[in-house]
Every structure is written in C-alpha cells, then in structure tokens.
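Below is one structure, written out as structure tokens; comments come after it.
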Amino acid sequence: MKPLSLQPWEILARLRQKQPVVHHLTNWVTIYDCAQVVKVLGGSPVMAHAPEEVAQMTGLAQALVLNIGTLTPDFVAAMLLAAQAAKARGIPVVLDVCGAGATALRDEASQRLLNDARIDIIKGNASEIARVSGLAVQTKGVDAAQVAADLRQIAQNLARQRQAVVVITGAVDIVADAQRLFLVQNGHPLMGQVVGTGCMATSIIGAFAAVEPDLAAAAAGALVCFGVAAELAARENPGPARFKERLFDALYFLDEATVRERMDVEGER
Amino acid sequence: MKPLSLQPWEILARLRQKQPVVHHLTNWVTIYDCAQVVKVLGGSPVMAHAPEEVAQMTGLAQALVLNIGTLTPDFVAAMLLAAQAAKARGIPVVLDVCGAGATALRDEASQRLLNDARIDIIKGNASEIARVSGLAVQTKGVDAAQVAADLRQIAQNLARQRQAVVVITGAVDIVADAQRLFLVQNGHPLMGQVVGTGCMATSIIGAFAAVEPDLAAAAAGALVCFGVAAELAARENPGPARFKERLFDALYFLDEATVRERMDVEGER
Amino acid sequence: MKPLSLQPWEILARLRQKQPVVHHLTNWVTIYDCAQVVKVLGGSPVMAHAPEEVAQMTGLAQALVLNIGTLTPDFVAAMLLAAQAAKARGIPVVLDVCGAGATALRDEASQRLLNDARIDIIKGNASEIARVSGLAVQTKGVDAAQVAADLRQIAQNLARQRQAVVVITGAVDIVADAQRLFLVQNGHPLMGQVVGTGCMATSIIGAFAAVEPDLAAAAAGALVCFGVAAELAARENPGPARFKERLFDALYFLDEATVRERMDVEGER
C-alpha cells in the first residue's frame, strides 16, 4: 500500500483558489446538483449543450464533464464537439457512462465517445464499467449491480486498454490508471438514497481534474472529499433530503484537518 | 362506505421489498423530484426520453409514468413508443394530464395518448380532468380551478369511458374506477405551496401501481401515504422549502403504525 | 436621492392578492427554482417552450420571463413567438441575458431578442450587460466580472438606447430607466454561493412586473424583497444549501414591517 502522491486537501485548496470553469454536458435530472456541487467547492460551473456553442464554451473551461444519463443522439454529437475542443486545449475530459448496459443507445454512445473522443477519466458503477469493458452484465436501470468478476481487475484492464483513469463507485470506490490503483473507503450508505450523488461525484472529479494534472490523484482526492463530507452529513441519522442539504454544506465548509483525520484510502502497486 | 381491499402500508412494504423500476417521461421542471420521491419510497426511478431507447428502457420497468408538463410533439411521440412497450409487457401506465385545457397542444396530446395508448391511470386536478372528459373548463395555468360540475361523477364517467382508474387531486383526492370510488382526505394545504407535489403524486402512484395489480387500491394507497407524510412534514408550521425537505424524509421514514393511525379514506359503492 | 414612488411591500401585497401567471422560457439548470420562487411569492408559474403552444400560454399570462442560460437556436425561436404574443397582449417581457459574452451564440441571441422582440426589462450581471451594450468585456463563464467602465452609466445608456428598464445585479444592484436610477443595497454574499439566485431574481422581477406598470419600481421592489429575504436567510452563518432553503421560506413569510425596516435603496435624478 502506498499513499497518494498529492493530498486531497491540497487539491481542494487549489480548486478554491483557482476557481476553474467546469463545462458540463450532463443529464436533465441532476443538472442543478452537478452545477451546485462545483459551486460549493469553489469552482465555476457552466452548462451549455447547443452544438453551435459547445466548442466555444469548452474553450473557456479548465475541465469538461460528460454524462449520458438522459442522452439523445443529438446530445451525444454535441458531446463529441465539446470533447474535440477539450482535446485541442489539452483540458481533461470526464465521462460518466450513466446507465450503460440498460439500452443499446447507451452502449453505442459510450463506445462512440470512448472511441472517437479523448476521454481522460471514465466513471461508472460496477455494472456500467463492466459493460463498457465488454463484459456481459445485467443492468437494472441505473442502479449498481453485483458483478461477479474482480472489479479491481476490470478497472485496471479498462484503464490500460483506454489509457485513461477508471473510476468505479460503490461502497468502496476504485480509482485505477495503468500503473496504480486506489481504494477509497470514505462515504456513507445514505448516498445511495439520494438521486444524483453519482452524477455529483463525476462533477467533483471534473473540478479536481481541472486543477491537478495527476488525474488518478485528482479522482481519488475528489472521492475522499465527497465521502468525508457524506460522513459528516450523515451524523444523527437524517433522512435523505436533510442528508443532501447537509452534504452540500459539508463540502462548502470542508477543511484540511477534517479531511486529514477521516481520509481512508489504500493504494496498491 | 367500504374499506380498501388492500391497505396502503401493505403496498408500501411490497414496494420497499421489490424495488421496482419506474420509467418516467416527465417534465423538465420537476424531473428531479419525480425521481427522488420514487427513490425514497424504495423504488428505482429511471428517466429516459430518446425515441431510440424508450421502448427498451420500458422493457426493464415495472411501471411507466407519463407527464405532459413541458411537452413537445417529439416528446409525445416518444411517450407513445414507451406506452406501446408497456402494453406489450403488461405493465401499468400512468398519465398526468398536466396543464390540459391551457393550450390546444396539451389537449391534443392528452387525447392522442388516451386514444392511441393504453393508459391505466389518468391523473390531474379538477380542471384538467374535466377538460379531458370533454367538459368546457377555464384553466388558469396549471393550477386547480373550481369546477362546478360534480367531480365524483366526472371521475367515474371518465373511468368508465376510458376503462381506466381516474385520479383527481385536490383538498380531497378522488380515485375512481368503473365500479368503485375512494375519497382520500389525507394531505395538507402546504402541498399547494410547493411546485411539483402534483407530479410527485403521479410518480408515487406509478411506484405503487408497479407492485399492486388492483390499480385503484394502488392509487388510493399512494395518495394516503403521500398525504400522511405531508401531515407529518407540516408540523410546526414550516415554510414551503423546509416542508418539502421534511416531506421527502417523512416518506422515507413512513411506517405502518403511522399510516394506520392517520389514514383517512372513504370508499363508496 | 429620491425614494421609490411605489413601495416594495405594496407591490408584494398586490402580487399575493392577484396571483398572476408568469410564463417562463428559461434554462434547464434552474427551472425548478424559477418556478418555486414565483410560487412562494404568491404567483402562478408556468413553464412551456414548445413553439406550438408558447403563444397560447403567454396568452394566459400577466408577464413573460425569458432566460438564455441553456439556449439553443430553436429555443430562441420559441422565445420570439412568446414575446410576440406578449406584445400583442401588452404584458411585460423580462430578458435575462445569462452568459452573454461567453459565446457568439449567446451574443447573437441577445441581440436578436433585443432587436426583434419588445423587451421591457433587460437583466444581467455587470459583464453581461456591458457586453449587450456593445462594450468589449471578458466573460468568465456566467460569473460576474469586474467591469472597469462606470456601471451606472452603462445601465442608463442601455436603458435609453433600448427604451427598457436595465437591471445590473451585483453586490449593489442597479436599476435604470431613461430617467431614473436606483441602487439596491439589500442582499448577502451567500447569494453568490448558490447556483440560480440570478435566475431567481429575474423570475421575481417578472412576478413584480406582472402587477406593477412602473417597471423600474417593480424591478427595484423585487430586488429589495429578494435581498431582504437573503439577509434574513443568512443569519447564523448557514452553508449555501441551508441558506437556499431559508431564502425560499423567508420570501414566503416576508412581511411589510420587515421590508420597511431593512429596505436599503438609493434613487438618483
């Protein structure tokens, strides 16, 4: 086990200082929460999806977040334009393969984005990432499914195949690149009772990636901060709605000492 | 007066145990709340509207919820594809005729969905249902209007004409099928101060219908649980925003004893 | 300095009494908050964007709110249809030039709406309004930028050029028409930590304009009430999420005595 090269609180401090613009093409269910979670962390979220402006908007950004949660073919085409602009600028692109495995449209969109765009961070739950890896998995809607195969191996294989950081969220989050693998054990089961925490995780990863070139460290740091905030928000057993409110505020007030104290990450290799 | 054949808490318990997938094609204003209300009740919400995938997504679901709140002609076409898939699978379809009577587009969409799809539960406020029934009513936006005609008769006539369950929400909710009529008196006026409670009611009805084949019992049970949760949430006179937060959490924590104690339903015939 | 001809609490009282319908074509990020903020103030929000129904829906409304936050060319075309219907009815039209300066699409849409429609109130932050005025400004996403030129002069010049009320929101809000200029100093920095407060301000202005023909007084009164509610909500140093919840509830409970006591407006000329 080896520690992260860069500590989560250092990336968080840089995020608050640099206030990067994070351009999203995301889904219509959680779009507000994606924007607000970037905002409370100190970033500057912007949502724009018209093909006529996505490239120019990405041109103002320090990271691009793509999420296929409520995709249409036109929306995926706009994502490709934005990703092209991101590549030209050298800014990181995060893709949430939300619902991969549920329909052919989502499978095709995932593959098209992975093949035709430069995706730097691929993020999903266990069944989604397994599906994107070409493994046969039954997806029940967009919820996590138990996947028999070794998730760590799946993550690292996909990371090597796609030359990207791969993130599998779950009770324990996995972050892998071609050489390294981190297990983030922060978080709380109440996150699973709130629609949008998966999308919010993706947006936070985008915000961290906007200010930290070591993208595995950025992704792991993002998940540590989100998980620690969730642990604080879950105190006193709130319901999901009160938990969600407290989660945003815990992220806003999150400080180095708390992250240091509660961080629970293991690194392999 | 006769009691419900199946008690609301029994359906709620089954919902929490079976965790059905509820596929929505709903409006862009309240889409998050529609998803989250299904989630806190133990269901698995999924939102997808692309014509290329709606049939396949409905194929994974145990109920389909349609809501024309921010409709376009393309969106209605996608609803018809999803409804066709629902019919092929034999899962229930709930339609919220949100804003019927406000514009010709909404009237046409309502009629087209009722004529060309198999709608199992038709839900609206008094003016919307009166309009869908072919009665001349003035709608002021999407708010409830006072309708002079006998609402119970309107509900039952439409139920017989369309061979569907008809739900009219209001201070007292009406649930009618061809033979039976229930009056649900649970609820609280603060629900009228929160945008989206009507849409949330529709989604809850969809989640209950996903696990209970007696669709009138499912709809009445859903409205009882929602109304009881609202009564709990309204304690201590909160404002609408705090009330809404507490409403979600009251649904999450709702237990049999509370529903039993507070349930206020009358059945006729 | 001269006081407002009409006091904010008088317009608020009229809004609660008349319950005007406020038709929105707004962005997909904050659409719920735009609706809910009109609702808690006593208005009746309606969101509809299909070109087939926008004119008819505007025909039911007492004000029209346009917001280009997540625009597409089709959406702007629908805005023009709605604005035409608003002009025919003589109801006020408010335009939030959200993100003007960020992309050519937003600049073109702003100009097209200002040239081809009758816009009664133009609202944006400093950089957006400067851009709409034809001044060269660097916009960083949709956040406020420091603009060197005299903002008051920019506001009044644009008001004269477009024969409209111009609103520049910021730490101090500016409201200008051809003759008058008001500075609204109510508000709280936490508003800048919540995505959507700018859009909410626009919707509140729309609701006030629906019941008050002196549109500068309506806009200033709306910003006073919003700012006072924010001051109340910010007590005890909440995080952004709790602040937002309390902001909605403070607007709902806002009374004349509180607005009278806290109102901080200066009028020039």
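Starting from 1 in every chain, residues are counted up; chains themselves are A, B, ... following the order of the structure tokens, and ligands are numbered from 1 as listed.
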*Neighbours of chain C in chain B at 12 Å, counting only C-alpha atoms, as a PyMOL selection string*: chain B and resi 27-33+68-76+98-109+138-144+190-197+237-246
Output chain C as a short mmCIF file (atom, residue, chain, number, x, y, z; two decimals) with C-alpha atoms, in the first residue's frame, after least-squares fitting it to chain A on all in-order C-alpha pairs.
```cif
data_model
loop_
_atom_site.label_atom_id
_atom_site.label_comp_id
_atom_site.auth_asym_id
_atom_site.auth_seq_id
_atom_site.Cartn_x
_atom_site.Cartn_y
_atom_site.Cartn_z
CA MET C 1 -0.06 -0.04 -0.14
CA LYS C 2 1.25 3.42 -0.88
CA PRO C 3 -0.21 6.80 -0.11
CA LEU C 4 -1.44 9.34 -2.64
CA SER C 5 1.34 11.49 -4.06
CA LEU C 6 -0.84 14.52 -3.66
CA GLN C 7 -3.17 14.98 -0.74
CA PRO C 8 -6.88 15.65 -1.34
CA TRP C 9 -6.87 18.81 0.79
CA GLU C 10 -4.09 20.27 -1.33
CA ILE C 11 -6.14 19.81 -4.50
CA LEU C 12 -9.22 21.18 -2.74
CA ALA C 13 -7.29 24.27 -1.65
CA ARG C 14 -6.09 24.80 -5.21
CA LEU C 15 -9.65 24.41 -6.51
CA ARG C 16 -10.91 27.08 -4.14
CA GLN C 17 -8.08 29.38 -5.11
CA LYS C 18 -8.19 28.92 -8.91
CA GLN C 19 -11.98 28.72 -9.28
CA PRO C 20 -11.82 26.77 -12.56
CA VAL C 21 -14.65 26.79 -15.07
CA VAL C 22 -16.09 23.27 -15.41
CA HIS C 23 -18.18 22.87 -18.57
CA HIS C 24 -20.89 20.20 -18.37
CA LEU C 25 -23.00 18.37 -20.87
CA THR C 26 -24.96 16.37 -18.36
CA ASN C 27 -28.39 14.93 -17.77
CA TRP C 28 -31.60 16.85 -17.11
CA VAL C 29 -32.38 15.10 -13.82
CA THR C 30 -29.39 16.16 -11.77
CA ILE C 31 -28.12 19.15 -13.75
CA TYR C 32 -28.76 21.55 -10.88
CA ASP C 33 -26.90 19.39 -8.37
CA CYS C 34 -23.96 18.97 -10.77
CA ALA C 35 -23.67 22.75 -11.03
CA GLN C 36 -24.18 23.43 -7.34
CA VAL C 37 -21.65 20.86 -6.16
CA VAL C 38 -18.97 22.51 -8.29
CA LYS C 39 -20.04 25.91 -6.95
CA VAL C 40 -19.85 24.98 -3.25
CA LEU C 41 -16.35 23.62 -3.83
CA GLY C 42 -15.27 26.97 -5.22
CA GLY C 43 -15.43 26.18 -8.94
CA SER C 44 -17.38 27.92 -11.65
CA PRO C 45 -19.87 25.54 -13.30
CA VAL C 46 -21.27 26.22 -16.74
CA MET C 47 -23.88 24.15 -18.56
CA ALA C 48 -24.23 24.50 -22.33
CA HIS C 49 -25.28 21.90 -24.89
CA ALA C 50 -26.11 23.66 -28.18
CA PRO C 51 -23.82 22.35 -30.93
CA GLU C 52 -23.44 25.96 -32.05
CA GLU C 53 -21.66 26.95 -28.83
CA VAL C 54 -20.24 23.90 -27.03
CA ALA C 55 -16.78 24.18 -28.56
CA GLN C 56 -16.53 27.86 -27.69
CA MET C 57 -17.77 27.25 -24.14
CA THR C 58 -15.27 24.43 -23.65
CA GLY C 59 -12.71 26.97 -24.81
CA LEU C 60 -13.37 28.94 -21.62
CA ALA C 61 -13.15 25.89 -19.35
CA GLN C 62 -10.46 24.06 -17.40
CA ALA C 63 -12.32 20.72 -17.49
CA LEU C 64 -15.18 19.09 -19.41
CA VAL C 65 -17.74 16.76 -17.79
CA LEU C 66 -19.91 14.49 -19.96
CA ASN C 67 -22.80 12.45 -18.55
CA ILE C 68 -25.12 10.33 -20.71
CA GLY C 69 -27.90 9.99 -18.12
CA THR C 70 -30.65 11.39 -20.37
CA LEU C 71 -28.87 11.21 -23.70
CA THR C 72 -30.21 11.64 -27.23
CA PRO C 73 -28.18 11.14 -30.42
CA ASP C 74 -28.02 14.94 -30.94
CA PHE C 75 -26.77 15.41 -27.41
CA VAL C 76 -24.00 12.86 -27.95
CA ALA C 77 -23.01 14.66 -31.14
CA ALA C 78 -22.66 17.88 -29.13
CA MET C 79 -20.56 16.00 -26.58
CA LEU C 80 -18.17 14.95 -29.35
CA LEU C 81 -17.78 18.57 -30.48
CA ALA C 82 -17.04 19.65 -26.93
CA ALA C 83 -14.58 16.80 -26.40
CA GLN C 84 -12.77 17.78 -29.59
CA ALA C 85 -12.40 21.33 -28.29
CA ALA C 86 -11.17 19.97 -24.96
CA LYS C 87 -8.53 17.91 -26.70
CA ALA C 88 -7.37 20.92 -28.70
CA ARG C 89 -6.96 22.83 -25.45
CA GLY C 90 -5.46 19.95 -23.51
CA ILE C 91 -8.02 20.08 -20.70
CA PRO C 92 -9.25 16.87 -19.04
CA VAL C 93 -12.50 15.17 -20.07
CA VAL C 94 -14.53 13.09 -17.62
CA LEU C 95 -17.24 10.73 -18.89
CA ASP C 96 -19.97 9.27 -16.68
CA VAL C 97 -21.30 6.21 -18.53
CA CYS C 98 -24.58 6.55 -16.64
CA GLY C 99 -26.94 3.69 -17.49
CA ALA C 100 -24.51 1.83 -19.77
CA GLY C 101 -25.89 -1.65 -20.26
CA ALA C 102 -29.50 -0.58 -19.89
CA THR C 103 -30.09 0.13 -23.60
CA ALA C 104 -28.32 -0.22 -26.92
CA LEU C 105 -28.34 3.58 -27.29
CA ARG C 106 -26.31 3.96 -24.11
CA ASP C 107 -23.89 1.23 -25.07
CA GLU C 108 -23.35 2.74 -28.50
CA ALA C 109 -22.93 6.24 -27.09
CA SER C 110 -20.40 5.03 -24.53
CA GLN C 111 -18.37 3.24 -27.16
CA ARG C 112 -18.57 6.11 -29.60
CA LEU C 113 -17.41 8.62 -27.01
CA LEU C 114 -14.58 6.32 -25.90
CA ASN C 115 -13.50 5.62 -29.47
CA ASP C 116 -13.94 9.00 -31.13
CA ALA C 117 -13.10 11.36 -28.28
CA ARG C 118 -10.15 11.54 -25.91
CA ILE C 119 -11.70 10.57 -22.57
CA ASP C 120 -9.31 11.02 -19.64
CA ILE C 121 -11.47 9.68 -16.82
CA ILE C 122 -14.16 7.02 -17.26
CA LYS C 123 -16.58 6.77 -14.34
CA GLY C 124 -19.49 4.49 -13.53
CA ASN C 125 -20.79 1.96 -11.07
CA ALA C 126 -19.72 -1.67 -11.18
CA SER C 127 -22.20 -2.87 -13.79
CA GLU C 128 -21.72 0.16 -16.02
CA ILE C 129 -17.92 -0.13 -16.08
CA ALA C 130 -18.11 -3.89 -16.60
CA ARG C 131 -20.40 -3.27 -19.55
CA VAL C 132 -18.13 -0.64 -21.04
CA SER C 133 -15.29 -3.16 -20.68
CA GLY C 134 -17.16 -5.55 -22.92
CA LEU C 135 -18.27 -7.92 -20.17
CA ALA C 136 -21.83 -9.23 -20.21
CA VAL C 137 -23.68 -7.74 -17.24
CA GLN C 138 -27.34 -7.34 -16.42
CA THR C 139 -28.13 -3.76 -15.52
CA LYS C 140 -31.24 -2.94 -13.55
CA GLY C 141 -31.93 0.65 -14.52
CA VAL C 142 -29.05 2.80 -13.41
CA ASP C 143 -28.54 1.19 -10.01
CA ALA C 144 -25.41 -0.69 -9.08
CA ALA C 145 -25.50 -4.41 -9.75
CA GLN C 146 -23.41 -7.05 -8.15
CA VAL C 147 -20.76 -8.00 -10.61
CA ALA C 148 -19.07 -11.32 -10.11
CA ALA C 149 -15.77 -10.57 -11.77
CA ASP C 150 -12.95 -8.96 -9.90
CA LEU C 151 -13.75 -5.26 -10.04
CA ARG C 152 -10.22 -4.17 -9.44
CA GLN C 153 -9.03 -6.18 -12.38
CA ILE C 154 -11.79 -4.80 -14.58
CA ALA C 155 -10.86 -1.25 -13.64
CA GLN C 156 -7.18 -1.71 -14.30
CA ASN C 157 -7.72 -3.57 -17.56
CA LEU C 158 -10.01 -0.83 -18.87
CA ALA C 159 -7.53 1.82 -17.70
CA ARG C 160 -4.79 0.13 -19.70
CA GLN C 161 -6.97 -0.53 -22.74
CA ARG C 162 -8.27 3.06 -22.89
CA GLN C 163 -5.21 4.78 -21.42
CA ALA C 164 -7.50 6.54 -19.02
CA VAL C 165 -8.21 6.75 -15.34
CA VAL C 166 -11.11 4.44 -14.48
CA VAL C 167 -13.38 5.09 -11.50
CA ILE C 168 -15.84 2.51 -10.17
CA THR C 169 -18.05 3.94 -7.45
CA GLY C 170 -19.62 1.77 -4.78
CA ALA C 171 -19.36 1.03 -1.06
CA VAL C 172 -15.64 1.16 -1.76
CA ASP C 173 -14.64 3.35 -4.70
CA ILE C 174 -11.93 2.12 -7.05
CA VAL C 175 -9.62 4.48 -8.93
CA ALA C 176 -7.22 2.93 -11.39
CA ASP C 177 -4.79 4.05 -14.02
CA ALA C 178 -2.38 1.85 -15.96
CA GLN C 179 0.06 1.64 -13.03
CA ARG C 180 -1.77 2.47 -9.84
CA LEU C 181 -4.96 1.53 -8.04
CA PHE C 182 -6.55 3.31 -5.10
CA LEU C 183 -9.43 2.17 -2.91
CA VAL C 184 -11.41 4.99 -1.33
CA GLN C 185 -13.37 3.80 1.65
CA ASN C 186 -14.90 7.11 2.71
CA GLY C 187 -18.60 7.62 2.15
CA HIS C 188 -21.95 6.63 3.64
CA PRO C 189 -24.85 4.35 2.60
CA LEU C 190 -27.25 7.34 2.60
CA MET C 191 -25.57 8.47 -0.62
CA GLY C 192 -27.43 5.59 -2.27
CA GLN C 193 -30.75 7.03 -1.10
CA VAL C 194 -30.25 10.32 -2.93
CA VAL C 195 -30.71 10.55 -6.69
CA GLY C 196 -27.74 12.32 -8.20
CA THR C 197 -24.87 11.53 -5.83
CA GLY C 198 -23.24 9.53 -8.64
CA CYS C 199 -23.52 12.48 -11.01
CA MET C 200 -22.26 14.82 -8.31
CA ALA C 201 -19.23 12.58 -7.80
CA THR C 202 -18.46 12.91 -11.50
CA SER C 203 -18.72 16.69 -11.38
CA ILE C 204 -16.45 16.85 -8.33
CA ILE C 205 -13.92 14.66 -10.13
CA GLY C 206 -14.12 17.10 -13.04
CA ALA C 207 -13.49 20.05 -10.75
CA PHE C 208 -10.50 18.36 -9.11
CA ALA C 209 -9.11 17.30 -12.50
CA ALA C 210 -9.35 20.93 -13.61
CA VAL C 211 -6.59 21.88 -11.19
CA GLU C 212 -4.50 18.70 -10.82
CA PRO C 213 -2.72 17.03 -13.76
CA ASP C 214 -2.25 13.69 -11.92
CA LEU C 215 -5.75 12.56 -12.81
CA ALA C 216 -5.78 9.46 -10.62
CA ALA C 217 -4.82 11.60 -7.63
CA ALA C 218 -7.47 14.12 -8.64
CA ALA C 219 -10.19 11.45 -8.90
CA ALA C 220 -9.21 9.77 -5.63
CA GLY C 221 -8.96 13.12 -3.87
CA ALA C 222 -12.39 14.13 -5.14
CA LEU C 223 -13.93 10.90 -3.86
CA VAL C 224 -12.20 11.26 -0.49
CA CYS C 225 -13.58 14.79 -0.03
CA PHE C 226 -17.06 13.78 -1.18
CA GLY C 227 -17.03 10.72 1.05
CA VAL C 228 -15.80 12.62 4.11
CA ALA C 229 -18.49 15.27 3.58
CA ALA C 230 -21.08 12.48 3.35
CA GLU C 231 -19.88 11.02 6.64
CA LEU C 232 -20.28 14.40 8.32
CA ALA C 233 -23.69 14.94 6.73
CA ALA C 234 -24.94 11.53 7.87
CA ARG C 235 -24.42 12.23 11.57
CA GLU C 236 -27.58 11.98 13.70
CA ASN C 237 -29.30 9.74 11.14
CA PRO C 238 -31.07 12.28 8.90
CA GLY C 239 -33.46 11.32 6.12
CA PRO C 240 -32.18 11.56 2.53
CA ALA C 241 -33.39 15.13 1.97
CA ARG C 242 -31.83 16.58 5.08
CA PHE C 243 -28.72 14.50 4.38
CA LYS C 244 -28.46 16.02 0.92
CA GLU C 245 -28.71 19.55 2.23
CA ARG C 246 -26.05 18.86 4.81
CA LEU C 247 -23.85 17.16 2.20
CA PHE C 248 -23.64 20.35 0.13
CA ASP C 249 -22.89 22.40 3.22
CA ALA C 250 -20.30 19.92 4.49
CA LEU C 251 -18.47 20.25 1.17
CA TYR C 252 -18.64 24.03 1.44
CA PHE C 253 -17.19 24.06 4.96
CA LEU C 254 -14.77 21.14 4.50
CA ASP C 255 -11.35 21.85 5.95
CA GLU C 256 -7.94 20.24 5.79
CA ALA C 257 -7.94 18.94 9.35
CA THR C 258 -11.18 17.05 8.86
CA VAL C 259 -10.11 15.51 5.57
CA ARG C 260 -6.73 14.54 7.04
CA GLU C 261 -8.35 12.91 10.03
CA ARG C 262 -11.04 10.96 8.19
CA MET C 263 -9.34 10.10 4.90
CA ASP C 264 -9.46 6.35 4.30
CA VAL C 265 -7.57 5.39 1.14
CA GLU C 266 -5.49 2.40 0.25
CA GLY C 267 -3.11 2.43 -2.68
CA GLU C 268 -1.77 -0.66 -4.44
CA ARG C 269 1.26 -1.23 -6.61
#
```
*DSSP on the backbone, then: every residue of range 174-260 of chain C marked alpha helix (DSSP H), written as an NGL selection string.*
:C and (197-209 or 215-233 or 240-253 or 256-260)
*Pull the strand (DSSP E) assignments for range 25-194 of chain A out of DSSP run on the backbone, and list those residues as JSON, numbers by chain.*
{"A": [25, 44, 45, 46, 47, 63, 64, 65, 66, 67, 93, 94, 95, 96, 121, 122, 123, 124, 125, 165, 166, 167, 168, 169, 173, 174, 175, 176, 181, 182, 183, 184]}
Output file for the selection above: N, CA and C atoms, as a short mmCIF file (atom, residue, chain, number, x, y, z; two decimals), in the first residue's frame:
```cif
data_model
loop_
_atom_site.label_atom_id
_atom_site.label_comp_id
_atom_site.auth_asym_id
_atom_site.auth_seq_id
_atom_site.Cartn_x
_atom_site.Cartn_y
_atom_site.Cartn_z
N LEU A 25 -21.85 18.84 -20.10
CA LEU A 25 -23.00 18.38 -20.87
C LEU A 25 -23.50 17.19 -20.08
N SER A 44 -16.43 27.12 -10.89
CA SER A 44 -17.38 27.93 -11.65
C SER A 44 -18.04 27.03 -12.69
N PRO A 45 -19.22 26.49 -12.37
CA PRO A 45 -19.86 25.56 -13.30
C PRO A 45 -20.50 26.29 -14.46
N VAL A 46 -20.48 25.68 -15.63
CA VAL A 46 -21.25 26.21 -16.75
C VAL A 46 -21.85 25.04 -17.52
N MET A 47 -23.13 25.18 -17.84
CA MET A 47 -23.88 24.16 -18.54
C MET A 47 -24.25 24.72 -19.91
N ALA A 63 -11.98 22.15 -17.44
CA ALA A 63 -12.32 20.72 -17.48
C ALA A 63 -13.68 20.57 -18.15
N LEU A 64 -13.90 19.38 -18.73
CA LEU A 64 -15.17 19.09 -19.40
C LEU A 64 -15.76 17.83 -18.77
N VAL A 65 -17.03 17.91 -18.37
CA VAL A 65 -17.73 16.76 -17.78
C VAL A 65 -18.87 16.34 -18.70
N LEU A 66 -18.86 15.06 -19.09
CA LEU A 66 -19.91 14.50 -19.94
C LEU A 66 -20.66 13.42 -19.16
N ASN A 67 -21.98 13.40 -19.31
CA ASN A 67 -22.81 12.45 -18.56
C ASN A 67 -23.98 12.07 -19.45
N VAL A 93 -11.10 15.50 -19.77
CA VAL A 93 -12.49 15.17 -20.07
C VAL A 93 -12.90 13.98 -19.20
N VAL A 94 -14.00 14.14 -18.45
CA VAL A 94 -14.53 13.08 -17.61
C VAL A 94 -15.84 12.60 -18.23
N LEU A 95 -16.00 11.28 -18.32
CA LEU A 95 -17.24 10.72 -18.89
C LEU A 95 -17.90 9.82 -17.86
N ASP A 96 -19.15 10.14 -17.53
CA ASP A 96 -19.97 9.27 -16.68
C ASP A 96 -20.83 8.42 -17.61
N ILE A 121 -10.97 10.39 -18.00
CA ILE A 121 -11.47 9.69 -16.81
C ILE A 121 -12.82 9.07 -17.16
N ILE A 122 -12.92 7.74 -16.99
CA ILE A 122 -14.17 7.02 -17.26
C ILE A 122 -14.75 6.63 -15.91
N LYS A 123 -16.00 6.99 -15.68
CA LYS A 123 -16.58 6.78 -14.35
C LYS A 123 -17.96 6.12 -14.45
N GLY A 124 -18.18 5.14 -13.58
CA GLY A 124 -19.49 4.50 -13.53
C GLY A 124 -19.57 3.61 -12.30
N ASN A 125 -20.74 2.96 -12.13
CA ASN A 125 -20.81 1.96 -11.06
C ASN A 125 -20.30 0.62 -11.62
N VAL A 165 -7.90 7.09 -16.73
CA VAL A 165 -8.22 6.75 -15.34
C VAL A 165 -9.63 6.16 -15.34
N VAL A 166 -9.80 5.07 -14.59
CA VAL A 166 -11.12 4.45 -14.48
C VAL A 166 -11.58 4.53 -13.03
N VAL A 167 -12.81 4.98 -12.85
CA VAL A 167 -13.38 5.10 -11.51
C VAL A 167 -14.63 4.22 -11.42
N ILE A 168 -14.64 3.31 -10.46
CA ILE A 168 -15.84 2.53 -10.17
C ILE A 168 -16.33 2.93 -8.79
N THR A 169 -17.53 3.53 -8.74
CA THR A 169 -18.06 3.95 -7.44
C THR A 169 -18.89 2.83 -6.82
N ASP A 173 -14.89 2.84 -3.36
CA ASP A 173 -14.64 3.36 -4.70
C ASP A 173 -13.27 2.89 -5.18
N ILE A 174 -13.18 2.54 -6.45
CA ILE A 174 -11.92 2.12 -7.06
C ILE A 174 -11.48 3.19 -8.04
N VAL A 175 -10.21 3.58 -7.96
CA VAL A 175 -9.63 4.51 -8.93
C VAL A 175 -8.38 3.84 -9.48
N ALA A 176 -8.36 3.63 -10.79
CA ALA A 176 -7.21 2.94 -11.40
C ALA A 176 -6.69 3.71 -12.59
N LEU A 181 -3.56 1.78 -8.40
CA LEU A 181 -4.96 1.54 -8.05
C LEU A 181 -5.19 2.00 -6.62
N PHE A 182 -6.21 2.81 -6.42
CA PHE A 182 -6.55 3.31 -5.09
C PHE A 182 -7.95 2.84 -4.71
N LEU A 183 -8.10 2.52 -3.44
CA LEU A 183 -9.42 2.17 -2.92
C LEU A 183 -9.83 3.24 -1.92
N VAL A 184 -10.93 3.92 -2.21
CA VAL A 184 -11.42 4.99 -1.33
C VAL A 184 -12.57 4.43 -0.51
#
```
